[in-house]
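S.K.: Sharing a structure, written as structure tokens. Questions coming.
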Amino acid sequence: MDENAFWQLIEACSPSVPDPEGDELAAALTARLANGPVSDVLGFAEQLSWALYRLDRKEYGDALSSDQFLYTRAAVVAAGRQEYESVLRDPQRFTPYATDLVWAEALLCVADNAYEQLTGEEWDRGTRYSYESYSNTAGWTVT
């Protein structure tokens with residue numbers, strides 16, 4: 001799954017009603033991925049980890065706990081490509097997510113749940129980029 005396919009999937013699965021915690025989006029993504037090949041699940045996990053990694057920077061999460069920062073970054077991804085790219089261009093756009101603690105924790109379980117539904121086994125996830133908070137050391141380097 002390339003970056004464009006990832007964002008198209010997010011958009012296609014986004015609910016038409018408010019989904020403040022991203023639960024509806026996560027359920028729709030899981031259902032969609034569980035009906036496809038395992039390679040789509042792995043590709044989704046890679047793209048999600050890359051998107052979260054790119055937001056793992058000091059200017060976004062300096063005042064948040066590691067869990068708050070992770071769930072808030074997930075909410076930015078859940079908001080879709082346009083919002084995500086806007087936040088990357090202007091860190092001030094991240095402020096409402098951080099101050100209002102807008103979370104989409106459920107997004108983090110999508111690949112695991114879809115994989116288990118497809119294979120009947122737990123997935124021992126390994127992605128190229130870690131999405132855990134503070135793993136992007138370049139994003140936390142003081143300049």
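Residue numbers start at 1 in each chain; chains themselves are named A, B, ... in the order of the structure tokens; ligands are numbered from 1 in the order shown.
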For segment 2-16 of chain A, find every residue with an atom within 9 Å (counting only C-alpha atoms), except residues of its own chain fewer than 2 positions away, and show them as a PyMOL selection string.
M.R.: chain A and resi 18-19+22+24-29+32+43-44+47-48+77-81
S.K.: Could the residues in this selection be saved with all heavy atoms as a compact mmCIF listing (two decimals), in the first residue's frame?
M.R.:
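Result saved to result-v7.txt:
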# COMPACT_ATOMS: atom_id res chain seq x y z
N PRO A 18 -19.82 13.00 13.25
CA PRO A 18 -18.67 13.20 14.12
C PRO A 18 -18.24 11.90 14.80
O PRO A 18 -19.07 11.10 15.23
CB PRO A 18 -19.16 14.22 15.14
CG PRO A 18 -20.25 14.97 14.43
CD PRO A 18 -20.91 13.95 13.54
N ASP A 19 -16.93 11.71 14.85
CA ASP A 19 -16.34 10.50 15.41
C ASP A 19 -15.16 10.91 16.29
O ASP A 19 -14.01 10.69 15.94
CB ASP A 19 -15.89 9.59 14.26
CG ASP A 19 -15.34 8.25 14.70
OD1 ASP A 19 -15.71 7.77 15.78
OD2 ASP A 19 -14.54 7.68 13.93
N GLY A 22 -12.47 8.39 17.03
CA GLY A 22 -12.00 7.60 15.90
C GLY A 22 -12.45 6.15 15.92
O GLY A 22 -11.95 5.32 15.15
N GLU A 24 -15.42 4.76 15.05
CA GLU A 24 -16.12 4.37 13.82
C GLU A 24 -15.14 4.21 12.67
O GLU A 24 -15.25 3.26 11.88
CB GLU A 24 -17.20 5.40 13.47
CG GLU A 24 -18.29 5.54 14.51
CD GLU A 24 -19.07 4.27 14.72
OE1 GLU A 24 -19.36 3.56 13.73
OE2 GLU A 24 -19.40 3.97 15.88
N LEU A 25 -14.20 5.12 12.56
CA LEU A 25 -13.19 5.02 11.52
C LEU A 25 -12.38 3.74 11.69
O LEU A 25 -12.17 3.00 10.73
CB LEU A 25 -12.25 6.24 11.56
CG LEU A 25 -11.04 6.18 10.62
CD1 LEU A 25 -11.46 6.09 9.17
CD2 LEU A 25 -10.13 7.38 10.86
N ALA A 26 -11.95 3.46 12.91
CA ALA A 26 -11.16 2.26 13.16
C ALA A 26 -11.94 0.99 12.82
O ALA A 26 -11.39 0.06 12.21
CB ALA A 26 -10.71 2.23 14.62
N ALA A 27 -13.20 0.95 13.18
CA ALA A 27 -14.03 -0.22 12.87
C ALA A 27 -14.17 -0.41 11.36
O ALA A 27 -14.07 -1.53 10.84
CB ALA A 27 -15.40 -0.09 13.53
N ALA A 28 -14.40 0.68 10.65
CA ALA A 28 -14.56 0.60 9.19
C ALA A 28 -13.25 0.19 8.51
O ALA A 28 -13.25 -0.62 7.58
CB ALA A 28 -15.05 1.94 8.64
N LEU A 29 -12.14 0.74 8.98
CA LEU A 29 -10.83 0.37 8.42
C LEU A 29 -10.54 -1.11 8.67
O LEU A 29 -10.07 -1.82 7.77
CB LEU A 29 -9.73 1.23 9.04
CG LEU A 29 -9.66 2.68 8.58
CD1 LEU A 29 -8.76 3.49 9.51
CD2 LEU A 29 -9.17 2.76 7.14
N ARG A 32 -12.66 -3.28 6.39
CA ARG A 32 -12.18 -3.21 5.01
C ARG A 32 -10.89 -4.02 4.84
O ARG A 32 -10.74 -4.81 3.92
CB ARG A 32 -11.97 -1.75 4.62
CG ARG A 32 -11.45 -1.51 3.22
CD ARG A 32 -12.52 -1.57 2.13
NE ARG A 32 -13.54 -0.60 2.28
CZ ARG A 32 -13.58 0.59 1.67
NH1 ARG A 32 -12.61 0.95 0.86
NH2 ARG A 32 -14.59 1.40 1.86
N GLY A 43 0.81 -3.10 4.68
CA GLY A 43 1.03 -1.79 4.06
C GLY A 43 0.37 -0.68 4.84
O GLY A 43 0.93 0.40 5.00
N PHE A 44 -0.83 -0.93 5.34
CA PHE A 44 -1.51 0.05 6.17
C PHE A 44 -0.69 0.35 7.41
O PHE A 44 -0.49 1.50 7.78
CB PHE A 44 -2.91 -0.44 6.55
CG PHE A 44 -3.63 0.49 7.49
CD1 PHE A 44 -4.36 1.55 6.98
CD2 PHE A 44 -3.56 0.33 8.87
CE1 PHE A 44 -5.01 2.44 7.83
CE2 PHE A 44 -4.20 1.21 9.72
CZ PHE A 44 -4.93 2.26 9.20
N GLN A 47 2.31 2.53 6.53
CA GLN A 47 1.95 3.92 6.23
C GLN A 47 1.51 4.66 7.49
O GLN A 47 1.84 5.82 7.68
CB GLN A 47 0.86 3.98 5.16
CG GLN A 47 1.33 3.55 3.79
CD GLN A 47 2.43 4.42 3.22
OE1 GLN A 47 2.48 5.63 3.46
NE2 GLN A 47 3.33 3.82 2.49
N LEU A 48 0.76 3.99 8.35
CA LEU A 48 0.33 4.61 9.60
C LEU A 48 1.54 4.93 10.47
O LEU A 48 1.64 6.03 11.02
CB LEU A 48 -0.64 3.70 10.36
CG LEU A 48 -1.10 4.22 11.73
CD1 LEU A 48 -1.84 5.55 11.60
CD2 LEU A 48 -1.98 3.18 12.41
N VAL A 77 -4.03 12.04 12.09
CA VAL A 77 -4.10 11.12 10.95
C VAL A 77 -5.56 10.80 10.63
O VAL A 77 -5.97 10.82 9.47
CB VAL A 77 -3.29 9.84 11.22
CG1 VAL A 77 -3.48 8.83 10.10
CG2 VAL A 77 -1.80 10.17 11.40
N ALA A 78 -6.35 10.53 11.66
CA ALA A 78 -7.76 10.19 11.46
C ALA A 78 -8.54 11.33 10.81
O ALA A 78 -9.54 11.09 10.16
CB ALA A 78 -8.40 9.81 12.80
N ALA A 79 -8.06 12.55 10.98
CA ALA A 79 -8.73 13.71 10.39
C ALA A 79 -8.57 13.78 8.87
O ALA A 79 -9.25 14.56 8.21
CB ALA A 79 -8.22 15.00 11.04
N GLY A 80 -7.67 12.97 8.32
CA GLY A 80 -7.51 12.90 6.88
C GLY A 80 -6.27 13.60 6.37
O GLY A 80 -5.60 14.34 7.08
N ARG A 81 -5.99 13.35 5.12
CA ARG A 81 -4.75 13.82 4.50
C ARG A 81 -4.63 15.34 4.49
O ARG A 81 -3.56 15.88 4.78
CB ARG A 81 -4.65 13.29 3.07
CG ARG A 81 -3.34 13.59 2.41
CD ARG A 81 -3.23 12.98 1.04
NE ARG A 81 -1.84 12.81 0.68
CZ ARG A 81 -1.43 12.05 -0.32
NH1 ARG A 81 -2.31 11.39 -1.06
NH2 ARG A 81 -0.16 11.94 -0.59
S.K.: May I have all residues of chain A that DSSP, computed from the backbone, assigns to alpha helix (DSSP H), given as JSON, numbers by chain?
M.R.: {"A": [3, 4, 5, 6, 7, 8, 9, 10, 11, 12, 13, 23, 24, 25, 26, 27, 28, 29, 30, 31, 32, 33, 34, 38, 39, 40, 41, 42, 43, 44, 45, 46, 47, 48, 49, 50, 51, 52, 53, 54, 55, 58, 59, 60, 61, 66, 67, 68, 69, 70, 71, 72, 73, 74, 75, 76, 77, 78, 81, 82, 83, 84, 85, 86, 87, 88, 89, 95, 96, 97, 98, 99, 110, 111, 112, 113, 114, 115, 116, 117, 118, 119]}
S.K.: Identify which of the residues A:Ser39, A:Thr72, A:Thr119, A:Gln82 lies closest to Asp100 of chain A, counting only C-alpha atoms when measuring atom-to-atom distances.
M.R.: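 Answer, going by the shortest atom-to-atom distance: A:Thr72.
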S.K.: Report as a count of residues only all protein, DNA and RNA residues lying within 10 Å of Glu83 of chain A, evaluated on only C-alpha atoms, omitting residues in the same chain fewer than 6 positions from it.
M.R.: 5
S.K.: Between atom CA of Leu70 of chain A and atom CA of Thr99 of chain A, what is the spacing in Å?
M.R.: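 Interatomic distance here is 13.9 Å.
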S.K.: If we count only C-alpha atoms, what is near Thr30 of chain A at a cut-off of 9 Å, once residues fewer than 2 positions away on the same chain are taken out, given as a list in words?
M.R.: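 Here the answer would be Leu25, Ala26, Ala27, Ala28, Arg32, Leu33, Ala34, Asn35, Val41, Cys109, Val110, Ala111, Asp112, Asn113, Ala114, Tyr115 and Gln117 of chain A.
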S.K.: Taking only C-alpha atoms into account, name the residue in A:Asp56, A:Met1, A:Ala45, A:Asp23 that is nearest to Ser135 of chain A.
M.R.: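 Between A:Asp56, A:Met1, A:Ala45, A:Asp23, the residue approaching Ser135 of chain A most closely is A:Asp56.
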S.K.: Contacts of Ala75 of chain A at 9 Å or less, counting only C-alpha atoms, minus same-chain residues fewer than 5 places along, as a list of chain:residue names?
M.R.: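 Everything that qualifies: A:Pro20, A:Glu21, A:Gly22, A:Leu70, A:Tyr97, A:Val102, A:Trp103, A:Ala104, A:Glu105, A:Leu107.
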S.K.: Could you jot down the atom CA of Leu88 of chain A to atom CA of Thr137 of chain A separation for me, Å, one decimal place?
M.R.: 16.8 Å
S.K.: Let me make sure I understand: among A:Glu122, A:Gly139, A:Leu101, A:Glu46, which one has the smallest atom-to-atom distance to Gln68 of chain A if we use only C-alpha atoms?
M.R.: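 That would be A:Leu101, the residue with the smallest distance to Gln68 of chain A.
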S.K.: Taking only C-alpha atoms into account, name the residue in A:Ser86, A:Asn136, A:Glu116, A:Leu64 that is nearest to Ala31 of chain A.
M.R.: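 That would be A:Glu116, the residue with the smallest distance to Ala31 of chain A.
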S.K.: Calculated over only C-alpha atoms, which of the candidates A:Gly61, A:Tyr129, A:Pro37, A:Asp124 has the smallest distance to Arg73 of chain A?
M.R.: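 Closest to Arg73 of chain A, using only C-alpha atoms: A:Gly61.
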S.K.: Using Å and a single decimal, report how far atom CA of Tyr71 of chain A sits from atom CA of Thr127 of chain A.
M.R.: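 Answer for the atom CA of Thr127 of chain A to atom CA of Tyr71 of chain A separation: 18.0 Å.
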